[in-house]
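Okay, so here's the structure we're looking at.
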Amino acid sequence: MTATPTAIDPVVTGRAAALDWVESSGYPTRRNEAWRYAPHKKLAELSFGPPVALTTNVPDISELIPALDGPRIVVVNGVVNTELSTMTGPTGLHLSSLLDARREQPDRLEVHFDRVESQISDAYMALNLAFGGDGAVVRLDAGVTLDVPIHIVDVEVPDETRNASCTGVVIEMGAGSSATIVETRIGVGADFGGSNIRTTITVADDASLEHVLLQNVPASHVHLSNIDVTQGANSRFLARSFNLGASYGRVAYRVHLAGPGAHADLSGLFFGFGDQVLDQQINVVHSAKDCTSRQTYRGVLDDASTGIFNGGIDVLRGADGTDAEQSNKNLILSDRAEVNTQPRLEILADEVACKHGATVGQLDESAMYYMRSRGIPAVEARRLLINGFADQVVDEVSIESVRTWINQQLGHDDG
Amino acid sequence: MLHVNNLTAAIGDKQILNGLNLDVGAGEVHAIMGPNGSGKSTFAHTLAGRDGYDITGEVTLDGADLLDMEPEARAAAGVFMGFQYPVEIPGVNNMYFLRTALNSVRRARGETEVGARDFLNVSKKAMDLVEMKEDFLYRSVNAGFSGGEKKRNEILQMAIMEPRLAILDETDSGLDIDALRIIAGGVNALRSPERSMIVITHYQRLLDYIKPDFVHVLVDGRIVKSGDHTLALHLEANGYADFETDLGDAAEQSFAGAQS
């Protein structure tokens with residue numbers, strides 16, 4: 001059966017409006033708080049457009065991603081690669097490409113594509129709306145618990161056109177369902193390129209999702225992540241982000257606690273070398289009563305790298321009984337490295353408990369001395385201390401093979 | 001074995017050690033007592049290699065110049081210091097830390113490394129010595145440990161490292177009587193003809209459990225009196241006041257007790 005794009009294809013119908021948005025609102029600049037540290041010149045040189053067909057062979061990715069049992073969807077340059085993907089899974093799990101879902105069930109994608117003007121946060125989101133026609137769709141029926149993780153892999157292989165793929169991921173957790181989903185973002189080659197990936201997650205009442213984001217694209221890439229989460233009553237959402245690769249790696253979350261009693265627990269590690277800029281933009285919005293949220297982020301910045309933690313907690317009117325905490329701890333390993341940490345709290349409800357704290361420190365000299373006095377050489381002691389600092393985020397990940405993979409990327413394997 | 005000759009140490013303008021002399025023979029246990037601020041801990045740290053001090057004088061262990069070495073090299077040469085305030089290292093697993101320490105020292109000495117399984121046996125024996133439960137191995141180094149647990153962890157490390165010279169810096173501070181008994185029992189079990197110890201303490205109490213061969217009184221960065229264990233009893237009865245008045249004579253005080 002030939003697929004004929006119907007009139008209701010959300011990408012096609014929304015494209016003009018999205019591009020109009022870019023035309024009228026323009027690109028973010030340094031004056032936009034959320035984009036203050038982004039490499040605007042570099043971003044302007046990238047071509048964010050429709051998928052660009054691969055000009056080389058499909059790369060071997062097995063060495064670049066964690067080994068997970070379970071179904072996986074692999075997207076290469078913005079297009080699902082069916083050969084690399086395993087889309088079958090247990091009963092109650094529905095996996096498809098975003099392209100297929102647009103044809104078959106466009107109404108289910110409204111949550112991802114239907115955005116009025118005011119809901120578009122920036123030009124890159126608009127470009128994703130306009131061109132992000134393929135990607136992954138994961139739906140879990142009500143009451144289903146998955147005991148294997150689902151793996152969504154995004155592979156970028158840019159060429160001389162400086163292409164940056166726009167990709168979409170839609171995750172729909174039915175009421176009372178439970179799963180772990182790992183999104184791994186990697187790339188191949190040394191060409192300048194990028195990716196602009198937008199993930200839309202709905203966690204229905206009583207459902208539970210652990211969502212792990214592993215960003216480790218090559219240093220020649222720019223990576224933009226935008227994760228939008230809406231939670232129902234008594235749901236649980238656990239975000240674990242590891243922002244490791246790219247010259248500019250951006251991880252942006254907007255988590256909306258929309259049903260009473262929902263719980264969001266976001267933690268992440270950013271670990272910068274060279275002149276990397278690793279940017280976390282976190283917004284947690286409490287609009288229902290008695291929700292809890294936690295933000296626990298750690299940064300390690302070496303060489304001339306820059307880390308950004310911009311963490312917001314918005315407690316809207318009526319969200320009484322909110323309990324929200326935020327913590328950002330940073331370890332600076334070089335006098336050329338820098339970190340910018342900024343809490344933003346806005347509280348309009350009653351009986352709210354809100355805590356936040358940030359620290360920026362160097363390696364603990366007394367701990368260095370203690371270890372060296374036990375015979376551990378300075379280089380090794382330094383490594384142990386750094387790993388110990390990072391491990392406290394790594395240990396939050398439930399899947400051992402993912403923890404192992406992260407440790408390998410960080411150059412340590414001591415568990 | 002350990003030879004300390006005319007050791008001085010200062011931090012900035014502040015002179016802390018003022019010409020300290022000490023000889024420690026193999027298998028001997030020397031206690032160093034003294035009032036607060038007399039330089040006891042500074043002496044321990046100059047032996048272990050903490051930087052930040054301006055140091056003159058001579059310190060050798062089995063003829064090797066310790067002052068020239070980095071802390072890790074001193075550990076490889078057989079120096080171990082039990083800290084008064086053991087450092088908490090969140091995120092670093094105690095067992096991994098201990099094994100890394102042992103294998104670093106073994107590597108530096110050209111010995112074969114100890115595998116994970118063999119190390120478990122080594123550490124179990126050491127844990128029995130200080131009556132530690134196995135879960136200590138799986139916690140972060142000293143993180144959230146009680147005062148007594150931290151000190152036991154120090155003796156555990158000493159048992160695993162098997163040092164040639166152990167310096168115990170106020171290991172008794174902050175311990176209740178049961179913890180003191182356990183720690184002293186561990187230290188006593190580790191006494192051997194090849195291992196020397198310097199036990200630094202403010203109170204005589206510890207020396208009821210660990211009987212020293214020699215006792216030295218440190219005042220104003222100098223050893224002003226040396227004797228056998230009865231000197232500690234004298235200090236307990238009379239305090240340090242006797243010694244704080246005759247500093248002028250300090251340089252001439254013999255420490256014959258240490259010259260065995």
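A note on labels: chains of the structure tokens are A, B, ... as shown, every chain counts residues from 1, and ligands are counted from 1 in their shown order.
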Enumerate as a PyMOL selection string all residues of segment 29-187 of chain B assigned to strand (DSSP E) by DSSP on the backbone, naming them with the chain letters and numbers the document uses.
chain B and resi 29-33+54-61+64-65+79-82+89-93+140-141+165-169
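Between chain B and the candidates A:Ile406, A:Ala381, A:Leu213, A:Val352, the tightest atom-to-atom separation, counting only C-alpha atoms, involves A:Ala381.
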Residues of chain B near chain A: apply a cut-off of 6 Å, count only C-alpha atoms, and supply the list as a PyMOL selection string.
chain B and resi 71-72+75-76+87+91-92+101+104-105
Keeping only C-alpha atoms, write the selected residues to a file as a PDB file, in the first residue's frame.
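Done, and the output landed in out.pdb:
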ATOM      1  CA  PRO B  71      53.630  10.851  50.346  1.00  0.00           C
ATOM      2  CA  GLU B  72      52.955   7.830  48.116  1.00  0.00           C
ATOM      3  CA  ALA B  75      53.989   4.705  51.919  1.00  0.00           C
ATOM      4  CA  ALA B  76      55.851   2.423  49.547  1.00  0.00           C
ATOM      5  CA  VAL B  87      39.096  12.033  55.645  1.00  0.00           C
ATOM      6  CA  GLY B  91      31.700   7.955  46.210  1.00  0.00           C
ATOM      7  CA  VAL B  92      34.905   5.972  46.640  1.00  0.00           C
ATOM      8  CA  ALA B 101      46.289   1.379  48.143  1.00  0.00           C
ATOM      9  CA  SER B 104      49.886   0.757  44.518  1.00  0.00           C
ATOM     10  CA  VAL B 105      52.404   0.047  47.249  1.00  0.00           C
TER      11      VAL B 105
END
Grab the atom CA of Arg72 of chain A to atom CA of Met87 of chain A distance for me, in Å with one decimal place.
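So the answer is 6.2 Å.
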